[in-house]
file my_file_15.cif (mmCIF, C-alpha atoms)
data_work
#
loop_
_atom_site.group_PDB
_atom_site.id
_atom_site.type_symbol
_atom_site.label_atom_id
_atom_site.label_comp_id
_atom_site.auth_asym_id
_atom_site.auth_seq_id
_atom_site.Cartn_x
_atom_site.Cartn_y
_atom_site.Cartn_z
ATOM 1 C CA MET A 1 145.015 15.613 -4.985
ATOM 2 C CA ASP A 2 143.886 17.862 -7.806
ATOM 3 C CA ASN A 3 141.704 20.593 -6.264
ATOM 4 C CA LEU A 4 140.642 21.863 -9.683
ATOM 5 C CA ASN A 5 139.216 18.484 -10.731
ATOM 6 C CA ILE A 6 137.375 18.095 -7.420
ATOM 7 C CA GLY A 7 135.974 21.585 -7.915
ATOM 8 C CA LYS A 8 134.877 20.841 -11.477
ATOM 9 C CA ARG A 9 133.161 17.623 -10.365
ATOM 10 C CA LEU A 10 131.432 19.423 -7.498
ATOM 11 C CA LYS A 11 130.206 22.214 -9.765
ATOM 12 C CA ALA A 12 128.954 19.728 -12.384
ATOM 13 C CA ALA A 13 127.123 17.680 -9.729
ATOM 14 C CA ARG A 14 125.561 20.841 -8.264
ATOM 15 C CA GLN A 15 124.469 22.125 -11.669
ATOM 16 C CA ASN A 16 123.075 18.707 -12.681
ATOM 17 C CA ARG A 17 120.808 18.956 -9.644
ATOM 18 C CA ASN A 18 119.924 22.594 -10.420
ATOM 19 C CA LEU A 19 121.167 23.723 -7.016
ATOM 20 C CA THR A 20 122.452 27.169 -6.147
ATOM 21 C CA LEU A 21 125.451 27.504 -3.843
ATOM 22 C CA ASP A 22 123.037 28.687 -1.122
ATOM 23 C CA GLU A 23 120.896 25.551 -1.522
ATOM 24 C CA LEU A 24 123.974 23.322 -1.524
ATOM 25 C CA ALA A 25 125.300 24.999 1.620
ATOM 26 C CA GLU A 26 121.977 24.383 3.364
ATOM 27 C CA ALA A 27 121.861 20.722 2.255
ATOM 28 C CA THR A 28 125.461 19.931 3.244
ATOM 29 C CA GLY A 29 126.245 22.161 6.220
ATOM 30 C CA VAL A 30 129.319 23.466 4.350
ATOM 31 C CA SER A 31 129.440 27.254 4.004
ATOM 32 C CA LYS A 32 128.689 28.926 0.684
ATOM 33 C CA PRO A 33 132.136 30.647 0.576
ATOM 34 C CA MET A 34 133.894 27.295 1.176
ATOM 35 C CA LEU A 35 131.829 25.586 -1.536
ATOM 36 C CA GLY A 36 132.682 28.406 -3.958
ATOM 37 C CA GLN A 37 136.391 28.116 -3.159
ATOM 38 C CA ILE A 38 136.286 24.339 -3.707
ATOM 39 C CA GLU A 39 134.486 24.763 -7.049
ATOM 40 C CA ARG A 40 137.123 27.258 -8.204
ATOM 41 C CA GLY A 41 139.970 24.983 -7.068
ATOM 42 C CA GLN A 42 141.114 27.554 -4.510
ATOM 43 C CA SER A 43 140.622 25.335 -1.460
ATOM 44 C CA SER A 44 141.657 21.777 -0.667
ATOM 45 C CA PRO A 45 138.713 20.113 1.087
ATOM 46 C CA THR A 46 139.278 17.680 3.941
ATOM 47 C CA VAL A 47 137.871 14.144 3.903
ATOM 48 C CA ASN A 48 135.172 15.227 6.373
ATOM 49 C CA THR A 49 134.181 18.193 4.204
ATOM 50 C CA LEU A 50 133.916 15.973 1.120
ATOM 51 C CA TRP A 51 131.860 13.450 3.125
ATOM 52 C CA LYS A 52 129.478 16.228 4.217
ATOM 53 C CA ILE A 53 129.087 17.364 0.620
ATOM 54 C CA ALA A 54 128.631 13.815 -0.709
ATOM 55 C CA THR A 55 126.141 12.962 2.044
ATOM 56 C CA GLY A 56 124.176 16.190 1.567
ATOM 57 C CA MET A 57 124.034 15.664 -2.204
ATOM 58 C CA LYS A 58 123.398 11.921 -1.821
ATOM 59 C CA ILE A 59 126.253 11.068 -4.154
ATOM 60 C CA PRO A 60 129.261 8.772 -3.635
ATOM 61 C CA PHE A 61 132.329 10.215 -1.950
ATOM 62 C CA SER A 62 134.580 8.865 -4.708
ATOM 63 C CA SER A 63 132.712 10.805 -7.395
ATOM 64 C CA PHE A 64 134.907 13.763 -6.413
ATOM 65 C CA LEU A 65 138.158 11.817 -6.655
ATOM 66 C CA GLN A 66 138.164 9.678 -9.770
ATOM 67 C CA GLU A 67 136.653 9.600 -13.227
ATOM 68 C CA GLN A 68 134.133 6.863 -13.931
ATOM 69 C CA GLY A 69 135.705 3.674 -15.253
ATOM 70 C CA THR A 70 135.271 1.555 -18.363
ATOM 71 C CA GLU A 71 133.920 -2.006 -18.578
ATOM 72 C CA TYR A 72 136.857 -3.200 -16.514
ATOM 73 C CA THR A 73 139.555 -1.445 -14.563
ATOM 74 C CA VAL A 74 142.870 -2.568 -13.128
ATOM 75 C CA VAL A 75 144.349 -0.196 -10.572
ATOM 76 C CA GLY A 76 147.470 0.065 -8.471
ATOM 77 C CA LEU A 77 148.156 2.413 -5.616
ATOM 78 C CA GLN A 78 150.999 4.126 -7.422
ATOM 79 C CA GLU A 79 148.516 5.167 -10.115
ATOM 80 C CA GLN A 80 146.076 6.795 -7.737
ATOM 81 C CA ASP A 81 146.028 10.195 -6.107
ATOM 82 C CA VAL A 82 146.401 9.833 -2.372
ATOM 83 C CA LEU A 83 144.247 11.899 -0.052
ATOM 84 C CA LEU A 84 146.071 12.734 3.183
ATOM 85 C CA GLU A 85 144.167 13.305 6.411
ATOM 86 C CA GLU A 86 145.100 13.674 10.069
ATOM 87 C CA ASN A 87 148.365 15.477 9.193
ATOM 88 C CA GLY A 88 149.394 12.666 6.839
ATOM 89 C CA ALA A 89 148.732 9.858 9.351
ATOM 90 C CA MET A 90 145.819 8.629 7.224
ATOM 91 C CA LYS A 91 146.291 7.896 3.522
ATOM 92 C CA VAL A 92 143.211 7.195 1.405
ATOM 93 C CA TYR A 93 143.538 5.724 -2.091
ATOM 94 C CA THR A 94 140.482 5.367 -4.304
ATOM 95 C CA LEU A 95 140.649 1.920 -5.863
ATOM 96 C CA PHE A 96 137.279 1.875 -7.574
ATOM 97 C CA ALA A 97 135.105 4.949 -7.827
ATOM 98 C CA PHE A 98 131.376 4.637 -7.342
ATOM 99 C CA ASP A 99 129.832 2.017 -9.636
ATOM 100 C CA PRO A 100 126.158 2.816 -10.315
ATOM 101 C CA VAL A 101 125.399 -0.792 -11.317
ATOM 102 C CA ARG A 102 126.684 -2.202 -8.034
ATOM 103 C CA SER A 103 126.130 0.953 -5.925
ATOM 104 C CA CYS A 104 129.529 0.627 -4.273
ATOM 105 C CA GLU A 105 133.009 2.122 -4.115
ATOM 106 C CA ALA A 106 136.325 0.768 -2.784
ATOM 107 C CA PHE A 107 139.331 2.294 -1.046
ATOM 108 C CA TYR A 108 142.709 1.229 0.295
ATOM 109 C CA ILE A 109 143.513 3.107 3.522
ATOM 110 C CA GLU A 110 146.613 3.211 5.706
ATOM 111 C CA PHE A 111 146.463 4.417 9.311
ATOM 112 C CA ALA A 112 149.835 5.278 10.872
ATOM 113 C CA ALA A 113 150.470 4.349 14.506
ATOM 114 C CA GLY A 114 148.454 6.679 16.731
ATOM 115 C CA CYS A 115 146.108 7.822 13.951
ATOM 116 C CA GLU A 116 142.530 8.667 14.923
ATOM 117 C CA HIS A 117 139.924 9.632 12.335
ATOM 118 C CA ASP A 118 136.303 10.500 13.095
ATOM 119 C CA SER A 119 133.763 10.063 10.333
ATOM 120 C CA ASP A 120 130.367 11.683 10.167
ATOM 121 C CA LYS A 121 127.439 9.344 9.853
ATOM 122 C CA HIS A 122 126.368 8.482 6.311
ATOM 123 C CA ASN A 123 122.865 8.335 4.887
ATOM 124 C CA ASP A 124 120.499 5.590 6.010
ATOM 125 C CA GLY A 125 121.121 2.334 4.162
ATOM 126 C CA VAL A 126 124.855 2.898 3.629
ATOM 127 C CA GLU A 127 126.997 -0.045 4.755
ATOM 128 C CA GLU A 128 130.760 -0.121 5.222
ATOM 129 C CA TYR A 129 132.946 -3.206 5.088
ATOM 130 C CA ILE A 130 136.470 -2.954 6.506
ATOM 131 C CA PHE A 131 138.985 -5.758 5.767
ATOM 132 C CA VAL A 132 142.182 -5.465 7.804
ATOM 133 C CA ILE A 133 145.157 -6.706 5.798
ATOM 134 C CA ARG A 134 147.967 -5.430 8.065
ATOM 135 C CA GLY A 135 148.037 -4.529 11.754
ATOM 136 C CA LYS A 136 144.868 -4.018 13.756
ATOM 137 C CA LEU A 137 142.293 -1.270 14.004
ATOM 138 C CA ASP A 138 139.890 -0.144 16.694
ATOM 139 C CA MET A 139 136.527 0.869 15.280
ATOM 140 C CA ILE A 140 134.400 3.089 17.494
ATOM 141 C CA LEU A 141 130.820 2.519 16.363
ATOM 142 C CA ASN A 142 128.315 4.817 18.021
ATOM 143 C CA GLY A 143 130.514 4.796 21.143
ATOM 144 C CA THR A 144 131.261 1.040 21.167
ATOM 145 C CA LYS A 145 134.878 -0.064 20.596
ATOM 146 C CA VAL A 146 135.451 -3.103 18.364
ATOM 147 C CA THR A 147 138.996 -4.299 17.592
ATOM 148 C CA VAL A 148 139.516 -5.770 14.131
ATOM 149 C CA ARG A 149 142.740 -7.681 13.530
ATOM 150 C CA LYS A 150 144.686 -8.785 10.465
ATOM 151 C CA ARG A 151 142.614 -11.210 8.340
ATOM 152 C CA GLN A 152 139.415 -10.057 10.014
ATOM 153 C CA ALA A 153 136.636 -7.883 8.668
ATOM 154 C CA ILE A 154 133.776 -5.852 10.035
ATOM 155 C CA ARG A 155 130.529 -4.766 8.437
ATOM 156 C CA PHE A 156 128.354 -2.000 9.888
ATOM 157 C CA GLU A 157 125.501 0.311 9.040
ATOM 158 C CA ALA A 158 127.317 3.607 8.545
ATOM 159 C CA ASN A 159 124.429 5.892 9.519
ATOM 160 C CA ILE A 160 126.024 6.263 12.965
ATOM 161 C CA PRO A 161 129.062 8.240 14.107
ATOM 162 C CA HIS A 162 132.121 6.056 13.603
ATOM 163 C CA SER A 163 135.847 6.413 14.152
ATOM 164 C CA TYR A 164 138.953 4.589 12.976
ATOM 165 C CA VAL A 165 141.659 4.405 15.664
ATOM 166 C CA ASN A 166 145.096 2.835 15.325
ATOM 167 C CA SER A 167 146.339 2.937 18.917
ATOM 168 C CA TYR A 168 148.993 0.344 18.124
ATOM 169 C CA LYS A 169 152.722 0.581 17.265
ATOM 170 C CA ASN A 170 152.480 -0.483 13.607
ATOM 171 C CA THR A 171 150.738 0.900 10.549
ATOM 172 C CA CYS A 172 147.339 -0.599 9.846
ATOM 173 C CA ALA A 173 146.211 -1.160 6.250
ATOM 174 C CA VAL A 174 142.613 -1.877 5.251
ATOM 175 C CA TYR A 175 140.358 -2.264 2.285
ATOM 176 C CA ASN A 176 137.180 -0.217 2.740
ATOM 177 C CA PHE A 177 134.098 -0.999 0.672
ATOM 178 C CA ILE A 178 131.072 1.272 0.881
ATOM 179 C CA PHE A 179 127.687 0.058 -0.379
ATOM 180 C CA TYR A 180 124.808 2.438 -1.075
ATOM 181 C CA LYS A 181 121.239 1.165 -0.928
ATOM 182 C CA GLU A 182 118.747 2.870 -3.177
#
call {"tool": "encode", "arguments": {"input": "my_file_15.cif", "output": "structure tokens"}}
result
Amino acid sequence: MDNLNIGKRLKAARQNRNLTLDELAEATGVSKPMLGQIERGQSSPTVNTLWKIATGMKIPFSSFLQEQGTEYTVVGLQEQDVLLEENGAMKVYTLFAFDPVRSCEAFYIEFAAGCEHDSDKHNDGVEEYIFVIRGKLDMILNGTKVTVRKRQAIRFEANIPHSYVNSYKNTCAVYNFIFYKE
């Protein structure tokens, strides 16, 4: 992942909203020094940190990861930067960055056996759709466990704490679509 590009995108988004680093820190819950380091490309933010920033700024998570597309886009995983979380047990690939016409973004995610990832709640009106294409995944939605198997999908309002848990022996692969309501 290119820290400098994430930093440039963060700084541009902050300046477009006429926010100081102090104001951004207050809105996101991320410290001013950390935000400054990210903007300068001196720090590699975690998925949770980027989610906090995106949620606080009310912008799509993928706006930090990929340039906006053209009229059509064909992507492959080998062409995308992979974001590693949970010591490499979670691999996140941006397939389609936020599309302002459709208000959505799409990811391909792999969870290694034993991987657990907690996600902060998103803004009200944000929905997530998870399509399991390999293995099975336990979703913990506001404390309730729901198992989603291969060829199954789940949709949920993402304004609650939610976790992705692969407590199984094989890698789980999913498509994750996030829809933002205006």
call {"tool": "resolve_selection", "arguments": {"input": "my_file_15.cif", "expression": "the PyMOL selection byres ((chain A and resi 39) around 9)", "output": "number ranges by chain"}}
result
A: 3-11, 34-38, 40-43
call {"tool": "closest_residue", "arguments": {"input": "my_file_15.cif", "among": "A:Tyr129, A:Lys169, A:Gly143, A:Asn176", "to": "Phe156 (chain A)", "atoms": "only C-alpha atoms"}}
result
A:Tyr129
call {"tool": "residues_around", "arguments": {"input": "my_file_15.cif", "residues": "Arg134 (chain A)", "least_positions_apart": "2", "cutoff": "8 Å", "atoms": "only C-alpha atoms", "output": "NGL selection string"}}
result
:A and (132 or 136 or 149-151 or 171-174)
call {"tool": "atom_distance", "arguments": {"input": "my_file_15.cif", "atom1": "CA of Ser62 (chain A)", "atom2": "CA of Gln152 (chain A)"}}
result
24.5 Å
call {"tool": "residues_around", "arguments": {"input": "my_file_15.cif", "residues": "Phe107 (chain A)", "least_positions_apart": "5", "cutoff": "6 Å", "atoms": "all atoms listed in the file", "output": "PyMOL selection string"}}
result
chain A and resi 93-95+175-176
call {"tool": "residues_near_point", "arguments": {"input": "my_file_15.cif", "point": "(122.7, 12.8, 7.5)", "cutoff": "9 Å", "atoms": "all atoms listed in the file", "output": "VMD selection string"}}
result
chain A and resid 28 52 55 to 56 120 to 124 159
call {"tool": "write_last_selection", "arguments": {"input": "my_file_15.cif", "atoms": "C-alpha atoms", "output": "mmCIF file, keeping the file's coordinate frame"}}
result
data_model
loop_
_atom_site.group_PDB
_atom_site.id
_atom_site.type_symbol
_atom_site.label_atom_id
_atom_site.label_comp_id
_atom_site.auth_asym_id
_atom_site.auth_seq_id
_atom_site.Cartn_x
_atom_site.Cartn_y
_atom_site.Cartn_z
ATOM 1 C CA THR A 28 125.461 19.931 3.244
ATOM 2 C CA LYS A 52 129.478 16.228 4.217
ATOM 3 C CA THR A 55 126.141 12.962 2.044
ATOM 4 C CA GLY A 56 124.176 16.190 1.567
ATOM 5 C CA ASP A 120 130.367 11.683 10.167
ATOM 6 C CA LYS A 121 127.439 9.344 9.853
ATOM 7 C CA HIS A 122 126.368 8.482 6.311
ATOM 8 C CA ASN A 123 122.865 8.335 4.887
ATOM 9 C CA ASP A 124 120.499 5.590 6.010
ATOM 10 C CA ASN A 159 124.429 5.892 9.519
#
call {"tool": "closest_residue", "arguments": {"input": "my_file_15.cif", "among": "A:Lys32, A:Arg102, A:Lys145, A:Lys181", "to": "Glu127 (chain A)", "atoms": "only C-alpha atoms"}}
result
A:Lys181
call {"tool": "residues_around", "arguments": {"input": "my_file_15.cif", "residues": "Ile59 (chain A)", "least_positions_apart": "4", "cutoff": "12 Å", "atoms": "only C-alpha atoms", "output": "PDB file with C-alpha atoms, keeping the file's coordinate frame"}}
result
ATOM      1  CA  ARG A   9     133.161  17.623 -10.365  1.00  0.00           C
ATOM      2  CA  LEU A  10     131.432  19.423  -7.498  1.00  0.00           C
ATOM      3  CA  ALA A  13     127.123  17.680  -9.729  1.00  0.00           C
ATOM      4  CA  ARG A  14     125.561  20.841  -8.264  1.00  0.00           C
ATOM      5  CA  ASN A  16     123.075  18.707 -12.681  1.00  0.00           C
ATOM      6  CA  ARG A  17     120.808  18.956  -9.644  1.00  0.00           C
ATOM      7  CA  THR A  28     125.461  19.931   3.244  1.00  0.00           C
ATOM      8  CA  LEU A  50     133.916  15.973   1.120  1.00  0.00           C
ATOM      9  CA  TRP A  51     131.860  13.450   3.125  1.00  0.00           C
ATOM     10  CA  LYS A  52     129.478  16.228   4.217  1.00  0.00           C
ATOM     11  CA  ILE A  53     129.087  17.364   0.620  1.00  0.00           C
ATOM     12  CA  ALA A  54     128.631  13.815  -0.709  1.00  0.00           C
ATOM     13  CA  THR A  55     126.141  12.962   2.044  1.00  0.00           C
ATOM     14  CA  SER A  63     132.712  10.805  -7.395  1.00  0.00           C
ATOM     15  CA  PHE A  64     134.907  13.763  -6.413  1.00  0.00           C
ATOM     16  CA  ALA A  97     135.105   4.949  -7.827  1.00  0.00           C
ATOM     17  CA  PHE A  98     131.376   4.637  -7.342  1.00  0.00           C
ATOM     18  CA  ASP A  99     129.832   2.017  -9.636  1.00  0.00           C
ATOM     19  CA  PRO A 100     126.158   2.816 -10.315  1.00  0.00           C
ATOM     20  CA  SER A 103     126.130   0.953  -5.925  1.00  0.00           C
ATOM     21  CA  CYS A 104     129.529   0.627  -4.273  1.00  0.00           C
ATOM     22  CA  GLU A 105     133.009   2.122  -4.115  1.00  0.00           C
ATOM     23  CA  HIS A 122     126.368   8.482   6.311  1.00  0.00           C
ATOM     24  CA  ASN A 123     122.865   8.335   4.887  1.00  0.00           C
ATOM     25  CA  VAL A 126     124.855   2.898   3.629  1.00  0.00           C
ATOM     26  CA  PHE A 179     127.687   0.058  -0.379  1.00  0.00           C
ATOM     27  CA  TYR A 180     124.808   2.438  -1.075  1.00  0.00           C
ATOM     28  CA  LYS A 181     121.239   1.165  -0.928  1.00  0.00           C
ATOM     29  CA  GLU A 182     118.747   2.870  -3.177  1.00  0.00           C
TER      30      GLU A 182
END
call {"tool": "atom_distance", "arguments": {"input": "my_file_15.cif", "atom1": "CA of Leu19 (chain A)", "atom2": "CA of Ser44 (chain A)"}}
result
21.5 Å
call {"tool": "resolve_selection", "arguments": {"input": "my_file_15.cif", "expression": "the PyMOL selection byres ((chain A and resi 163) around 12)", "output": "compact mmCIF listing (two decimals) with C-alpha atoms, in the frame of the given file"}}
result
# COMPACT_ATOMS: atom_id res chain seq x y z
CA ASN A 48 135.17 15.23 6.37
CA PHE A 111 146.46 4.42 9.31
CA CYS A 115 146.11 7.82 13.95
CA GLU A 116 142.53 8.67 14.92
CA HIS A 117 139.92 9.63 12.34
CA ASP A 118 136.30 10.50 13.10
CA SER A 119 133.76 10.06 10.33
CA ASP A 120 130.37 11.68 10.17
CA LYS A 121 127.44 9.34 9.85
CA LEU A 137 142.29 -1.27 14.00
CA ASP A 138 139.89 -0.14 16.69
CA MET A 139 136.53 0.87 15.28
CA ILE A 140 134.40 3.09 17.49
CA LEU A 141 130.82 2.52 16.36
CA ASN A 142 128.32 4.82 18.02
CA GLY A 143 130.51 4.80 21.14
CA THR A 144 131.26 1.04 21.17
CA LYS A 145 134.88 -0.06 20.60
CA VAL A 146 135.45 -3.10 18.36
CA THR A 147 139.00 -4.30 17.59
CA ALA A 158 127.32 3.61 8.54
CA ILE A 160 126.02 6.26 12.96
CA PRO A 161 129.06 8.24 14.11
CA HIS A 162 132.12 6.06 13.60
CA TYR A 164 138.95 4.59 12.98
CA VAL A 165 141.66 4.40 15.66
CA ASN A 166 145.10 2.84 15.32
call {"tool": "closest_residue", "arguments": {"input": "my_file_15.cif", "among": "A:Ala153, A:Gly76, A:Gly114, A:Leu83", "to": "Phe96 (chain A)", "atoms": "only C-alpha atoms"}}
result
A:Gly76
call {"tool": "residues_around", "arguments": {"input": "my_file_15.cif", "residues": "Val92 (chain A)", "least_positions_apart": "2", "cutoff": "8 Å", "atoms": "all atoms listed in the file", "output": "number ranges by chain"}}
result
A: 82-85, 90, 94, 107-110
call {"tool": "axis_aligned_box", "arguments": {"input": "my_file_15.cif", "around": "region 40-49 of chain A", "padding_each_side": "5 Å", "output": "JSON"}}
result
{"center_x": 137.9, "center_y": 20.8, "center_z": -0.9, "size_x": 17.5, "size_y": 23.4, "size_z": 24.6}
call {"tool": "atom_distance", "arguments": {"input": "my_file_15.cif", "atom1": "CA of Asp81 (chain A)", "atom2": "CA of Met57 (chain A)"}}
result
23.0 Å
call {"tool": "closest_residue", "arguments": {"input": "my_file_15.cif", "among": "A:Gly135, A:Ala106, A:Asn87, A:Tyr168", "to": "Val47 (chain A)", "atoms": "all atoms listed in the file"}}
result
A:Asn87
call {"tool": "closest_residue", "arguments": {"input": "my_file_15.cif", "among": "A:Leu77, A:Asp22, A:Ile178, A:Lys58", "to": "Arg155 (chain A)", "atoms": "all atoms listed in the file"}}
result
A:Ile178
call {"tool": "decode", "arguments": {"input": "my_file_15.cif", "residues": "region 33-53 of chain A", "atoms": "N, CA and C atoms", "output": "PDB file, in the first residue's frame"}}
result
ATOM      1  N   PRO A  33      -1.283  14.217  15.755  1.00  0.00           N
ATOM      2  CA  PRO A  33       0.029  13.761  15.279  1.00  0.00           C
ATOM      3  C   PRO A  33      -0.078  12.590  14.296  1.00  0.00           C
ATOM      4  N   MET A  34      -0.991  11.641  14.566  1.00  0.00           N
ATOM      5  CA  MET A  34      -1.154  10.495  13.662  1.00  0.00           C
ATOM      6  C   MET A  34      -1.668  10.967  12.313  1.00  0.00           C
ATOM      7  N   LEU A  35      -2.648  11.866  12.304  1.00  0.00           N
ATOM      8  CA  LEU A  35      -3.176  12.384  11.036  1.00  0.00           C
ATOM      9  C   LEU A  35      -2.079  13.086  10.233  1.00  0.00           C
ATOM     10  N   GLY A  36      -1.245  13.866  10.926  1.00  0.00           N
ATOM     11  CA  GLY A  36      -0.134  14.548  10.256  1.00  0.00           C
ATOM     12  C   GLY A  36       0.855  13.563   9.652  1.00  0.00           C
ATOM     13  N   GLN A  37       1.161  12.497  10.402  1.00  0.00           N
ATOM     14  CA  GLN A  37       2.089  11.481   9.892  1.00  0.00           C
ATOM     15  C   GLN A  37       1.503  10.769   8.673  1.00  0.00           C
ATOM     16  N   ILE A  38       0.202  10.490   8.701  1.00  0.00           N
ATOM     17  CA  ILE A  38      -0.438   9.839   7.549  1.00  0.00           C
ATOM     18  C   ILE A  38      -0.384  10.763   6.342  1.00  0.00           C
ATOM     19  N   GLU A  39      -0.704  12.049   6.539  1.00  0.00           N
ATOM     20  CA  GLU A  39      -0.685  13.000   5.420  1.00  0.00           C
ATOM     21  C   GLU A  39       0.698  13.123   4.799  1.00  0.00           C
ATOM     22  N   ARG A  40       1.738  13.021   5.617  1.00  0.00           N
ATOM     23  CA  ARG A  40       3.108  13.136   5.102  1.00  0.00           C
ATOM     24  C   ARG A  40       3.654  11.811   4.580  1.00  0.00           C
ATOM     25  N   GLY A  41       2.849  10.739   4.677  1.00  0.00           N
ATOM     26  CA  GLY A  41       3.305   9.428   4.216  1.00  0.00           C
ATOM     27  C   GLY A  41       4.298   8.775   5.150  1.00  0.00           C
ATOM     28  N   GLN A  42       4.346   9.220   6.403  1.00  0.00           N
ATOM     29  CA  GLN A  42       5.303   8.696   7.368  1.00  0.00           C
ATOM     30  C   GLN A  42       4.730   7.566   8.215  1.00  0.00           C
ATOM     31  N   SER A  43       3.426   7.319   8.091  1.00  0.00           N
ATOM     32  CA  SER A  43       2.787   6.282   8.889  1.00  0.00           C
ATOM     33  C   SER A  43       1.845   5.482   8.001  1.00  0.00           C
ATOM     34  N   SER A  44       1.807   4.180   8.235  1.00  0.00           N
ATOM     35  CA  SER A  44       0.915   3.295   7.498  1.00  0.00           C
ATOM     36  C   SER A  44      -0.331   3.050   8.352  1.00  0.00           C
ATOM     37  N   PRO A  45      -1.459   3.649   7.983  1.00  0.00           N
ATOM     38  CA  PRO A  45      -2.657   3.496   8.807  1.00  0.00           C
ATOM     39  C   PRO A  45      -3.246   2.092   8.712  1.00  0.00           C
ATOM     40  N   THR A  46      -3.845   1.640   9.806  1.00  0.00           N
ATOM     41  CA  THR A  46      -4.536   0.357   9.806  1.00  0.00           C
ATOM     42  C   THR A  46      -5.907   0.528   9.150  1.00  0.00           C
ATOM     43  N   VAL A  47      -6.563  -0.586   8.867  1.00  0.00           N
ATOM     44  CA  VAL A  47      -7.920  -0.543   8.316  1.00  0.00           C
ATOM     45  C   VAL A  47      -8.835   0.207   9.276  1.00  0.00           C
ATOM     46  N   ASN A  48      -8.735  -0.095  10.581  1.00  0.00           N
ATOM     47  CA  ASN A  48      -9.605   0.575  11.552  1.00  0.00           C
ATOM     48  C   ASN A  48      -9.367   2.075  11.598  1.00  0.00           C
ATOM     49  N   THR A  49      -8.102   2.501  11.494  1.00  0.00           N
ATOM     50  CA  THR A  49      -7.808   3.930  11.492  1.00  0.00           C
ATOM     51  C   THR A  49      -8.407   4.594  10.257  1.00  0.00           C
ATOM     52  N   LEU A  50      -8.247   3.955   9.089  1.00  0.00           N
ATOM     53  CA  LEU A  50      -8.839   4.526   7.873  1.00  0.00           C
ATOM     54  C   LEU A  50     -10.357   4.570   7.972  1.00  0.00           C
ATOM     55  N   TRP A  51     -10.967   3.537   8.572  1.00  0.00           N
ATOM     56  CA  TRP A  51     -12.429   3.544   8.744  1.00  0.00           C
ATOM     57  C   TRP A  51     -12.850   4.701   9.636  1.00  0.00           C
ATOM     58  N   LYS A  52     -12.110   4.941  10.722  1.00  0.00           N
ATOM     59  CA  LYS A  52     -12.439   6.056  11.621  1.00  0.00           C
ATOM     60  C   LYS A  52     -12.368   7.380  10.869  1.00  0.00           C
ATOM     61  N   ILE A  53     -11.321   7.534  10.063  1.00  0.00           N
ATOM     62  CA  ILE A  53     -11.161   8.774   9.308  1.00  0.00           C
ATOM     63  C   ILE A  53     -12.289   8.915   8.285  1.00  0.00           C
TER      64      ILE A  53
END
